[in-house]
file protein.txt (compact mmCIF, C-alpha atoms)
# COMPACT_ATOMS: atom_id res chain seq x y z
CA MET A 23 9.07 17.27 22.87
CA ARG A 24 7.93 18.36 26.35
CA THR A 25 4.39 17.47 27.31
CA THR A 26 2.19 18.36 30.25
CA ARG A 27 0.90 14.80 30.56
CA PRO A 28 1.94 11.48 29.06
CA PRO A 29 0.87 10.79 25.47
CA ARG A 30 -1.84 8.40 24.43
CA ILE A 31 -0.83 5.67 21.97
CA ALA A 32 -3.64 4.00 20.02
CA CYS A 33 -2.53 0.93 18.08
CA LYS A 34 -5.39 0.25 15.67
CA ARG A 35 -5.92 -2.42 13.07
CA GLU A 36 -5.13 0.01 10.26
CA SER A 37 -3.04 2.77 11.83
CA LEU A 38 -1.10 4.26 14.73
CA VAL A 39 -2.62 7.33 16.42
CA ILE A 40 -0.66 9.41 18.93
CA THR A 41 -2.28 12.09 21.05
CA VAL A 42 0.05 14.52 22.82
CA PHE A 43 -0.82 17.16 25.40
CA ASP A 44 1.45 20.20 25.33
CA GLY A 45 -0.74 23.10 26.29
CA GLU A 46 -3.40 21.88 23.86
CA GLU A 47 -4.20 18.51 22.39
CA ALA A 48 -2.61 17.44 19.09
CA ILE A 49 -3.32 14.20 17.27
CA TYR A 50 -1.00 12.53 14.75
CA THR A 51 -1.84 9.53 12.57
CA PHE A 52 0.63 7.17 10.88
CA ASP A 53 0.31 3.99 8.87
CA HIS A 54 1.90 0.83 10.24
CA ALA A 55 5.05 1.49 8.21
CA GLY A 56 5.50 4.75 10.16
CA ARG A 57 4.42 7.03 7.31
CA PHE A 58 2.91 10.31 8.59
CA CYS A 59 -0.65 10.61 7.28
CA SER A 60 -2.53 13.36 9.11
CA ALA A 61 -2.57 15.68 12.10
CA TRP A 62 -5.03 17.77 14.06
CA ALA A 63 -3.13 20.63 15.67
CA GLY A 64 -3.89 24.27 16.40
CA TYR A 65 -7.52 23.77 15.33
CA ARG A 66 -6.38 22.87 11.83
CA LEU A 67 -6.47 19.56 9.98
CA TYR A 68 -3.33 18.56 8.07
CA ARG A 69 -3.19 15.70 5.58
CA ARG A 70 -0.05 14.43 3.89
CA ALA A 71 -0.24 13.10 0.35
CA LEU A 72 1.99 10.24 -0.71
CA ASP A 73 3.65 12.60 -3.18
CA GLY A 74 4.89 14.65 -0.21
CA ARG A 75 2.46 17.56 -0.32
CA VAL A 76 0.67 18.57 2.89
CA ILE A 77 -2.71 20.27 2.78
CA ARG A 78 -4.06 22.36 5.69
CA LYS A 79 -7.82 22.75 6.06
CA HIS A 80 -10.42 24.40 8.23
CA THR A 81 -14.03 25.47 7.79
CA ASP A 82 -15.50 28.89 8.54
CA ARG A 83 -19.21 28.55 9.37
CA SER A 84 -19.93 32.19 10.15
CA GLY A 85 -21.54 33.05 6.80
CA ARG A 86 -24.63 31.92 4.91
CA HIS A 87 -22.72 28.93 3.60
CA PRO A 88 -19.67 27.23 5.10
CA ARG A 89 -16.38 28.40 3.64
CA ARG A 90 -13.75 25.71 3.29
CA HIS A 91 -10.26 27.10 3.49
CA ARG A 92 -7.45 24.89 2.20
CA SER A 93 -3.89 25.51 1.25
CA PHE A 94 -0.84 23.46 0.44
CA LEU A 95 2.03 24.16 2.77
CA GLU A 96 5.28 25.66 1.59
CA ASP A 97 8.46 23.64 2.14
CA GLU A 98 9.33 25.06 5.55
CA ALA A 99 5.84 24.66 7.00
CA ARG A 100 5.56 21.18 5.49
CA ALA A 101 8.83 20.18 7.15
CA THR A 102 7.69 21.69 10.47
CA ILE A 103 4.46 19.66 10.73
CA THR A 104 6.20 16.48 9.53
CA ASP A 105 8.98 16.89 12.10
CA ALA A 106 6.37 17.62 14.77
CA ALA A 107 4.69 14.29 13.97
CA ALA A 108 8.02 12.46 14.21
CA GLY A 109 8.73 14.27 17.49
CA ALA A 110 5.37 13.17 18.88
CA ALA A 111 6.22 9.57 18.00
CA SER A 112 9.62 9.91 19.67
CA ALA A 113 8.05 11.31 22.84
CA ALA A 114 5.47 8.52 22.81
CA LEU A 115 8.26 5.96 22.43
CA ASP A 116 10.05 7.38 25.49
CA ALA A 117 6.81 7.27 27.45
CA LEU A 118 6.17 3.68 26.39
CA ARG A 119 9.63 2.67 27.55
CA ASP A 120 9.34 4.37 30.93
CA GLY A 121 5.82 3.01 31.48
CA THR A 122 3.96 6.34 31.60
CA ALA A 123 2.15 6.19 28.25
CA GLU A 124 -1.54 5.44 27.99
CA ILE A 125 -2.00 2.58 25.51
CA VAL A 126 -5.19 1.79 23.61
CA TRP A 127 -4.91 -1.53 21.80
CA SER A 128 -7.44 -2.58 19.15
CA LEU A 129 -5.30 -5.02 17.18
CA PRO A 130 -6.05 -8.74 17.45
CA GLY A 131 -4.67 -10.35 20.58
CA ASP A 132 -3.35 -8.89 23.81
CA PRO A 133 -1.40 -5.60 23.87
CA ASP A 134 2.12 -6.23 22.58
CA PRO A 135 4.72 -3.68 23.75
CA ASN A 136 7.25 -4.98 21.20
CA ARG A 137 4.87 -4.40 18.33
CA ALA A 138 3.92 -0.97 19.65
CA THR A 139 7.62 -0.17 19.90
CA GLN A 140 8.13 -1.21 16.27
CA PHE A 141 5.32 1.10 15.11
CA LEU A 142 6.63 4.03 17.16
CA GLU A 143 10.23 3.60 16.06
CA ALA A 144 9.16 3.67 12.41
CA ALA A 145 7.04 6.79 12.99
CA ALA A 146 9.84 8.53 14.89
CA ARG A 147 12.18 7.99 11.93
CA PHE A 148 9.72 9.55 9.49
CA ASP A 149 10.96 13.13 9.74
CA ALA A 150 10.96 15.74 6.97
CA ALA A 151 14.03 14.25 5.24
CA ALA A 152 12.55 10.75 5.34
CA ALA A 153 9.25 12.10 4.00
CA ASP A 154 11.02 13.68 1.02
CA ALA A 155 12.77 10.39 0.27
CA ASP A 156 9.45 8.55 0.58
CA ALA A 157 7.84 10.95 -1.92
CA LEU A 158 10.58 10.17 -4.44
CA ARG A 159 9.90 6.44 -4.03
CA TYR A 160 6.20 7.08 -4.56
CA ALA A 161 6.91 8.91 -7.83
CA SER A 162 8.73 5.84 -9.10
CA VAL A 163 5.64 3.68 -8.47
CA TYR A 164 2.72 5.88 -9.57
CA ALA A 165 1.76 8.33 -12.25
CA PRO A 166 -0.11 11.24 -10.59
CA VAL A 167 -3.46 10.28 -9.03
CA PRO A 168 -5.62 13.41 -9.46
CA ILE A 169 -9.01 12.26 -8.17
CA LEU A 170 -10.89 9.54 -6.29
CA PRO A 171 -14.44 9.39 -4.90
CA PRO A 172 -14.54 10.43 -1.22
CA ASP A 173 -15.39 6.99 0.13
CA ARG A 174 -12.29 5.66 -1.68
CA TYR A 175 -9.71 8.12 -0.40
CA ARG A 176 -8.10 5.30 1.61
CA SER A 177 -8.31 2.71 -1.15
CA LEU A 178 -5.17 1.30 -2.71
CA VAL A 179 -4.91 2.70 -6.24
CA VAL A 180 -3.67 0.27 -8.88
CA GLN A 181 -3.18 1.91 -12.24
CA VAL A 182 -4.49 -0.54 -14.82
CA THR A 183 -4.54 2.40 -17.20
CA GLU A 184 -3.10 5.89 -17.06
CA GLY A 185 -4.99 9.01 -18.08
CA CYS A 186 -8.40 9.27 -19.74
CA HIS A 187 -9.12 7.89 -23.20
CA TRP A 188 -11.66 10.66 -23.99
CA ASN A 189 -9.94 13.58 -22.24
CA ARG A 190 -11.97 16.23 -24.08
CA CYS A 191 -14.65 17.26 -21.57
CA THR A 192 -14.44 21.04 -21.44
CA PHE A 193 -14.66 21.27 -17.63
CA CYS A 194 -12.04 18.64 -16.73
CA SER A 195 -8.28 19.18 -16.71
CA PHE A 196 -7.23 16.21 -14.56
CA TYR A 197 -5.57 14.31 -17.40
CA ARG A 198 -5.19 17.04 -20.00
CA ALA A 199 -1.41 16.73 -20.41
CA ARG A 200 -1.23 12.94 -20.11
CA PRO A 201 -1.70 10.50 -22.98
CA PHE A 202 -3.99 7.58 -22.31
CA ARG A 203 -2.33 4.17 -22.11
CA ILE A 204 -3.14 0.66 -20.97
CA LYS A 205 -0.43 -1.09 -18.96
CA PRO A 206 0.61 -4.38 -20.61
CA LEU A 207 0.27 -7.42 -18.36
CA ASP A 208 3.97 -7.69 -17.53
CA GLU A 209 4.20 -3.99 -16.69
CA PHE A 210 1.06 -4.21 -14.57
CA ALA A 211 2.53 -7.17 -12.65
CA SER A 212 5.67 -5.11 -11.95
CA HIS A 213 3.49 -2.18 -10.90
CA LEU A 214 1.71 -4.39 -8.34
CA GLY A 215 5.04 -5.60 -6.96
CA ALA A 216 6.28 -2.03 -6.64
CA ILE A 217 3.09 -1.02 -4.82
CA ARG A 218 3.46 -3.86 -2.34
CA ALA A 219 7.11 -2.98 -1.68
CA PHE A 220 6.38 0.74 -1.31
CA PHE A 221 3.54 0.45 1.19
CA GLY A 222 4.89 -2.48 3.22
CA GLN A 223 3.05 -2.74 6.52
CA GLY A 224 1.22 0.46 5.57
CA LEU A 225 -1.09 -1.61 3.39
CA THR A 226 -3.28 -2.14 6.47
CA LEU A 227 -4.46 1.47 6.07
CA ARG A 228 -5.70 0.83 2.52
CA ARG A 229 -9.28 -0.42 2.27
CA GLY A 230 -9.89 -2.33 -0.92
CA ALA A 231 -8.42 -1.26 -4.25
CA PHE A 232 -9.38 1.28 -6.90
CA LEU A 233 -8.74 0.38 -10.54
CA GLY A 234 -7.25 3.56 -11.98
CA ASP A 235 -7.13 5.82 -13.73
CA ALA A 236 -10.24 7.29 -15.34
CA ASN A 237 -11.16 4.52 -17.77
CA ALA A 238 -9.89 1.14 -16.60
CA LEU A 239 -13.31 -0.40 -17.30
CA LEU A 240 -13.15 0.36 -20.99
CA LEU A 241 -11.00 -2.79 -21.26
CA PRO A 242 -12.97 -5.80 -22.46
CA ALA A 243 -13.63 -8.30 -19.68
CA GLY A 244 -11.24 -10.74 -21.34
CA ASP A 245 -8.42 -8.21 -20.94
CA LEU A 246 -9.45 -6.90 -17.55
CA MET A 247 -9.88 -10.22 -15.75
CA PRO A 248 -6.24 -11.39 -16.14
CA ARG A 249 -5.21 -8.11 -14.51
CA MET A 250 -7.72 -8.68 -11.71
CA ASP A 251 -6.24 -12.15 -11.23
CA LEU A 252 -2.75 -10.64 -10.91
CA LEU A 253 -4.12 -8.19 -8.36
CA ALA A 254 -5.73 -11.00 -6.35
CA ARG A 255 -2.43 -12.86 -6.15
CA ALA A 256 -0.28 -9.81 -5.34
CA LEU A 257 -2.63 -8.00 -2.95
CA PRO A 258 -5.22 -10.48 -1.68
CA ASP A 259 -6.34 -8.34 1.27
CA GLN A 260 -7.44 -5.54 -1.07
CA ALA A 261 -8.63 -7.56 -4.08
CA GLY A 262 -12.00 -8.56 -2.63
CA ASP A 263 -13.33 -5.00 -2.63
CA LEU A 264 -12.61 -3.32 -5.96
CA ALA A 265 -14.04 -0.12 -7.41
CA ALA A 266 -13.50 1.96 -10.53
CA PHE A 267 -14.76 4.89 -12.55
CA ILE A 268 -16.79 4.03 -15.62
CA ASP A 269 -17.80 6.38 -18.41
CA VAL A 270 -21.23 6.17 -19.95
CA PHE A 271 -20.09 6.24 -23.55
CA THR A 272 -18.18 2.95 -23.27
CA GLY A 273 -19.91 1.50 -20.20
CA TYR A 274 -23.42 1.43 -21.58
CA ARG A 275 -22.27 -1.16 -24.10
CA ARG A 276 -21.60 -3.65 -21.31
CA ASP A 277 -24.43 -6.06 -20.67
CA HIS A 278 -25.59 -7.58 -17.40
CA ARG A 279 -23.51 -10.74 -17.80
CA ASP A 280 -20.32 -8.80 -18.45
CA LEU A 281 -20.69 -6.71 -15.30
CA ALA A 282 -21.82 -9.73 -13.27
CA THR A 283 -18.59 -11.50 -14.27
CA LEU A 284 -16.55 -8.55 -13.03
CA ARG A 285 -18.62 -8.45 -9.85
CA ALA A 286 -17.73 -12.08 -9.21
CA ARG A 287 -14.05 -11.11 -9.51
CA GLY A 288 -14.38 -8.50 -6.77
CA LEU A 289 -15.66 -5.35 -8.50
CA ARG A 290 -18.15 -4.06 -5.93
CA ARG A 291 -18.86 -0.47 -6.97
CA ILE A 292 -18.60 1.65 -10.10
CA TYR A 293 -18.59 5.44 -10.14
CA LEU A 294 -20.34 7.25 -12.93
CA GLY A 295 -19.87 10.93 -13.74
CA LEU A 296 -23.40 11.93 -14.68
CA GLU A 297 -22.54 15.63 -14.11
CA SER A 298 -26.01 16.68 -15.32
CA GLY A 299 -29.24 15.13 -16.47
CA ASP A 300 -29.68 17.81 -19.13
CA ASP A 301 -28.52 16.58 -22.55
CA GLU A 302 -27.99 20.08 -23.92
CA LEU A 303 -25.70 20.91 -21.02
CA LEU A 304 -23.80 17.63 -21.55
CA GLU A 305 -23.25 18.67 -25.15
CA PHE A 306 -22.02 22.07 -23.94
CA LEU A 307 -19.55 20.17 -21.71
CA ASN A 308 -18.45 18.04 -24.67
CA LYS A 309 -19.36 14.92 -22.72
CA PRO A 310 -20.55 12.35 -25.29
CA GLN A 311 -23.38 10.75 -23.35
CA SER A 312 -27.06 11.19 -22.76
CA ALA A 313 -29.00 11.06 -19.52
CA GLU A 314 -30.92 8.06 -20.86
CA GLU A 315 -27.68 6.14 -21.45
CA ALA A 316 -26.47 6.97 -17.93
CA ILE A 317 -29.75 5.80 -16.43
CA GLY A 318 -29.50 2.55 -18.41
CA LEU A 319 -25.94 1.92 -17.24
CA ALA A 320 -26.89 2.49 -13.60
CA HIS A 321 -29.72 -0.05 -13.92
CA THR A 322 -27.46 -2.57 -15.66
CA ALA A 323 -24.85 -2.28 -12.92
CA ARG A 324 -27.39 -2.68 -10.13
CA ASP A 325 -28.98 -5.65 -11.90
CA ALA A 326 -25.52 -7.22 -11.96
CA GLY A 327 -25.27 -6.89 -8.18
CA MET A 328 -23.00 -3.85 -8.10
CA ALA A 329 -23.42 -0.70 -6.10
CA VAL A 330 -23.11 2.56 -7.99
CA GLY A 331 -21.74 5.97 -7.12
CA ILE A 332 -23.25 8.80 -9.16
CA ILE A 333 -21.49 12.16 -9.38
CA VAL A 334 -23.30 15.37 -10.32
CA MET A 335 -22.04 18.95 -10.32
CA ALA A 336 -23.49 22.07 -8.75
CA GLY A 337 -22.88 25.30 -10.65
CA ILE A 338 -21.96 23.69 -13.97
CA GLY A 339 -23.46 25.58 -16.90
CA GLY A 340 -23.72 28.81 -14.91
CA ASP A 341 -26.83 30.98 -14.93
CA ALA A 342 -28.02 29.90 -18.37
CA PHE A 343 -28.56 26.25 -17.37
CA TRP A 344 -29.35 26.61 -13.66
CA HIS A 345 -33.01 25.57 -13.48
CA ARG A 346 -33.06 23.05 -16.32
CA HIS A 347 -29.86 21.46 -14.95
CA VAL A 348 -31.38 20.97 -11.49
CA GLU A 349 -34.72 19.69 -12.81
CA ALA A 350 -33.22 17.29 -15.37
CA THR A 351 -30.58 16.01 -12.94
CA LEU A 352 -33.14 15.23 -10.25
CA ALA A 353 -35.30 13.52 -12.86
CA ALA A 354 -32.35 11.35 -13.93
CA ILE A 355 -31.60 10.44 -10.31
CA ARG A 356 -35.20 9.41 -9.74
CA ALA A 357 -35.11 7.28 -12.88
CA MET A 358 -31.96 5.48 -11.70
CA GLU A 359 -33.90 4.14 -8.71
CA LEU A 360 -30.84 4.12 -6.49
CA GLY A 361 -31.11 1.96 -3.39
CA ALA A 362 -29.20 0.25 -0.60
CA GLY A 363 -25.44 0.69 -0.95
CA ASP A 364 -25.64 3.32 -3.68
CA LEU A 365 -24.09 6.77 -3.34
CA LEU A 366 -24.81 10.15 -4.86
CA TYR A 367 -22.13 12.83 -4.72
CA VAL A 368 -22.83 16.50 -5.40
CA SER A 369 -19.65 18.36 -6.33
CA ALA A 370 -19.23 22.14 -6.40
CA PHE A 371 -17.98 23.42 -9.75
CA ALA A 372 -15.51 26.28 -9.82
CA ALA A 373 -15.65 27.88 -13.27
CA PRO A 374 -12.12 28.20 -14.74
CA GLN A 375 -10.86 31.55 -15.95
CA SER A 376 -9.43 30.08 -19.15
CA GLY A 377 -9.50 26.91 -21.22
CA PRO A 378 -12.22 25.11 -23.23
CA TYR A 379 -15.05 25.60 -20.73
CA ALA A 380 -14.35 29.32 -20.29
CA GLU A 381 -14.15 29.81 -24.07
CA ARG A 382 -17.52 28.11 -24.64
CA ALA A 383 -19.11 30.03 -21.77
CA VAL A 384 -17.97 33.39 -23.16
CA ALA A 385 -19.12 32.48 -26.68
CA ALA A 386 -22.55 31.39 -25.40
CA GLY A 387 -22.96 34.27 -22.94
CA VAL A 388 -23.00 31.89 -19.96
CA LYS A 389 -22.29 33.73 -16.73
CA PRO A 390 -20.60 31.72 -13.93
CA LEU A 391 -22.39 31.46 -10.61
CA THR A 392 -20.98 33.12 -7.53
CA GLU A 393 -19.71 30.90 -4.73
CA ASP A 394 -22.91 31.47 -2.74
CA GLU A 395 -25.02 30.68 -5.81
CA VAL A 396 -23.12 27.43 -6.34
CA TRP A 397 -23.86 26.49 -2.75
CA ASP A 398 -27.52 27.45 -3.22
CA GLN A 399 -27.72 25.11 -6.19
CA MET A 400 -25.90 22.42 -4.24
CA ASP A 401 -28.52 22.71 -1.51
CA GLU A 402 -31.24 22.31 -4.16
CA LEU A 403 -29.61 19.18 -5.55
CA VAL A 404 -28.92 17.63 -2.16
CA SER A 405 -32.40 18.28 -0.75
CA GLY A 406 -34.09 17.23 -3.99
CA SER A 407 -32.00 14.06 -4.19
CA LYS A 408 -32.97 12.96 -0.70
CA ALA A 409 -36.56 12.67 -1.90
CA ALA A 410 -35.46 10.88 -5.08
CA LEU A 411 -33.30 8.19 -3.49
CA GLY A 412 -34.54 4.79 -2.41
CA PRO A 413 -34.03 3.25 1.05
CA GLY A 414 -30.37 2.79 1.94
CA ALA A 415 -28.97 5.16 -0.72
CA ARG A 416 -26.96 8.13 0.53
CA VAL A 417 -26.20 11.62 -0.76
CA ALA A 418 -23.15 13.66 0.24
CA ARG A 419 -21.26 16.75 -0.85
CA TYR A 420 -18.02 16.12 -2.70
CA ASP A 421 -15.20 18.66 -2.50
CA ILE A 422 -12.79 17.70 -5.27
CA GLU A 423 -10.44 20.54 -4.34
CA GLU A 424 -9.45 18.81 -1.10
CA PHE A 425 -8.46 15.48 -2.62
CA ILE A 426 -4.93 14.16 -2.14
CA TYR A 427 -3.79 10.56 -2.39
call {"tool": "encode", "arguments": {"input": "protein.txt", "output": "structure tokens"}}
result
Amino acid sequence: MRTTRPPRIACKRESLVITVFDGEEAIYTFDHAGRFCSAWAGYRLYRRALDGRVIRKHTDRSGRHPRRHRSFLEDEARATITDAAAGAASAALDALRDGTAEIVWSLPGDPDPNRATQFLEAAARFDAAAADADALRYASVYAPVPILPPDRYRSLVVQVTEGCHWNRCTFCSFYRARPFRIKPLDEFASHLGAIRAFFGQGLTLRRGAFLGDANALLLPAGDLMPRMDLLARALPDQAGDLAAFIDVFTGYRRDHRDLATLRARGLRRIYLGLESGDDELLEFLNKPQSAEEAIGLAHTARDAGMAVGIIVMAGIGGDAFWHRHVEATLAAIRAMELGAGDLLYVSAFAAPQSGPYAERAVAAGVKPLTEDEVWDQMDELVSGSKAALGPGARVARYDIEEFIY
């Protein structure tokens, strides 16, 4: 790869970042095992999933609301960006060896050319063929990971369970074709070993661990804690900061002492899909919970010393539920009394053309909102939530369509 000026090599605690200058700036990020993770090139952001997919994203801000454009690359384009990343690493390696590279070192200790060389050599080997082989290895370690909260995109997923034990919410298709199962202890121990072997030095990029999939916390504490102990032994650097989804309809049965015990074992945050504070809409969604139960669970978790992440949806229930959904959801958020360390995510709902939600909507005469109307409702929920949150709590938009693991 020819460049107009020498590349910049940033060796960070968690990753390797290479900036090349070839007419315009391009930035490539790798984990410490050399695995290509992301790129900024041609005014587009590219992110590589561990399953081998590459998503390309950009935002158009010319209209009333920002339009997020994302697409998964076809094979040829995916190979092109992956090979470009490997080429950037190769060029950076040449520049390091001839002494022309700019090096930024933020690892402990003095800059170590040998260690930088090791990182660059691994990244230079990670071309399109190596990426395909890596994706096959990943598939032998994990069942598909369809969703995580945004602040946990870089967490290490450990699949205590697979699928969702309820799996009948009309709006959700993440686990529709997958039976729910709990990994036995011996299988979970093997899973942890396979994770450690797969990531290798790339574990430095993973912040904490997420107990997957959708319902790991339905396990009684007596069953969950031995698995947390295995995790602490296998992956000690991640085990001190654990997080997980929790559903209201099993979670509200947990008392303060139960959650406090899990908090002492490293469970720092739980994520709760409130979706809406309107009970009639929750029934329409076939989500077997009430707003009161969700509020109670949030209080129980916070009393146990945990932070909570609450997820609500903009556009769910279409025109028929718009105003009552917003009013009831903001009321529920106020009643949760979220504070320091807590998060509220507002996710845009894209009404499906078919399936259980679409069938119920047609039968009830519920008209889906337009994209602009969804964003209008999102603005209502975000602005209203800011007034409802306590000091230190944060609200953010959550684009589930852009998630890759």
call {"tool": "closest_atom_pairs", "arguments": {"input": "protein.txt", "of": "range 378-402 of chain A", "to": "range 75-99 of chain A", "cutoff": "9 Å", "atoms": "only C-alpha atoms", "output": "JSON lines"}}
result
{"residue": "A:Asp394", "atom": "CA", "partner": "A:His87", "partner_atom": "CA", "distance": 6.8}
{"residue": "A:Trp397", "atom": "CA", "partner": "A:His87", "partner_atom": "CA", "distance": 6.9}
{"residue": "A:Asp398", "atom": "CA", "partner": "A:His87", "partner_atom": "CA", "distance": 8.5}
call {"tool": "write_last_selection", "arguments": {"input": "protein.txt", "atoms": "C-alpha atoms", "output": "mmCIF file, in the coordinates of the input"}}
result
data_model
loop_
_atom_site.group_PDB
_atom_site.id
_atom_site.type_symbol
_atom_site.label_atom_id
_atom_site.label_comp_id
_atom_site.auth_asym_id
_atom_site.auth_seq_id
_atom_site.Cartn_x
_atom_site.Cartn_y
_atom_site.Cartn_z
ATOM 1 C CA ASP A 394 -22.910 31.470 -2.740
ATOM 2 C CA TRP A 397 -23.860 26.490 -2.750
ATOM 3 C CA ASP A 398 -27.520 27.450 -3.220
#
call {"tool": "closest_residue", "arguments": {"input": "protein.txt", "among": "A:Phe52, A:Ala211, A:Ile426, A:Gly318", "to": "Ala357 in chain A", "atoms": "all atoms listed in the file"}}
result
A:Gly318
call {"tool": "residues_around", "arguments": {"input": "protein.txt", "residues": "Leu411 in chain A", "least_positions_apart": "6", "cutoff": "10 Å", "atoms": "all atoms listed in the file", "output": "mmCIF file with C-alpha atoms, keeping the file's coordinate frame"}}
result
data_model
loop_
_atom_site.group_PDB
_atom_site.id
_atom_site.type_symbol
_atom_site.label_atom_id
_atom_site.label_comp_id
_atom_site.auth_asym_id
_atom_site.auth_seq_id
_atom_site.Cartn_x
_atom_site.Cartn_y
_atom_site.Cartn_z
ATOM 1 C CA LEU A 352 -33.140 15.230 -10.250
ATOM 2 C CA ILE A 355 -31.600 10.440 -10.310
ATOM 3 C CA ARG A 356 -35.200 9.410 -9.740
ATOM 4 C CA ALA A 357 -35.110 7.280 -12.880
ATOM 5 C CA MET A 358 -31.960 5.480 -11.700
ATOM 6 C CA GLU A 359 -33.900 4.140 -8.710
ATOM 7 C CA LEU A 360 -30.840 4.120 -6.490
ATOM 8 C CA GLY A 361 -31.110 1.960 -3.390
ATOM 9 C CA ALA A 362 -29.200 0.250 -0.600
ATOM 10 C CA ASP A 364 -25.640 3.320 -3.680
ATOM 11 C CA LEU A 365 -24.090 6.770 -3.340
ATOM 12 C CA LEU A 366 -24.810 10.150 -4.860
ATOM 13 C CA VAL A 417 -26.200 11.620 -0.760
#
call {"tool": "residues_around", "arguments": {"input": "protein.txt", "residues": "range 34-51 of chain A", "least_positions_apart": "4", "cutoff": "10 Å", "atoms": "all atoms listed in the file", "output": "JSON, numbers by chain"}}
result
{"A": [23, 24, 25, 26, 27, 28, 29, 30, 55, 56, 57, 58, 59, 60, 61, 62, 63, 64, 65, 66, 67, 68, 69, 103, 104, 106, 107, 108, 110, 111, 113, 114, 124, 125, 126, 127, 128, 129, 130, 138, 141, 142, 145, 223, 224, 225, 226, 227, 228, 229]}
call {"tool": "atom_distance", "arguments": {"input": "protein.txt", "atom1": "CA of Asp156 in chain A", "atom2": "CA of Ile217 in chain A"}}
result
12.7 Å
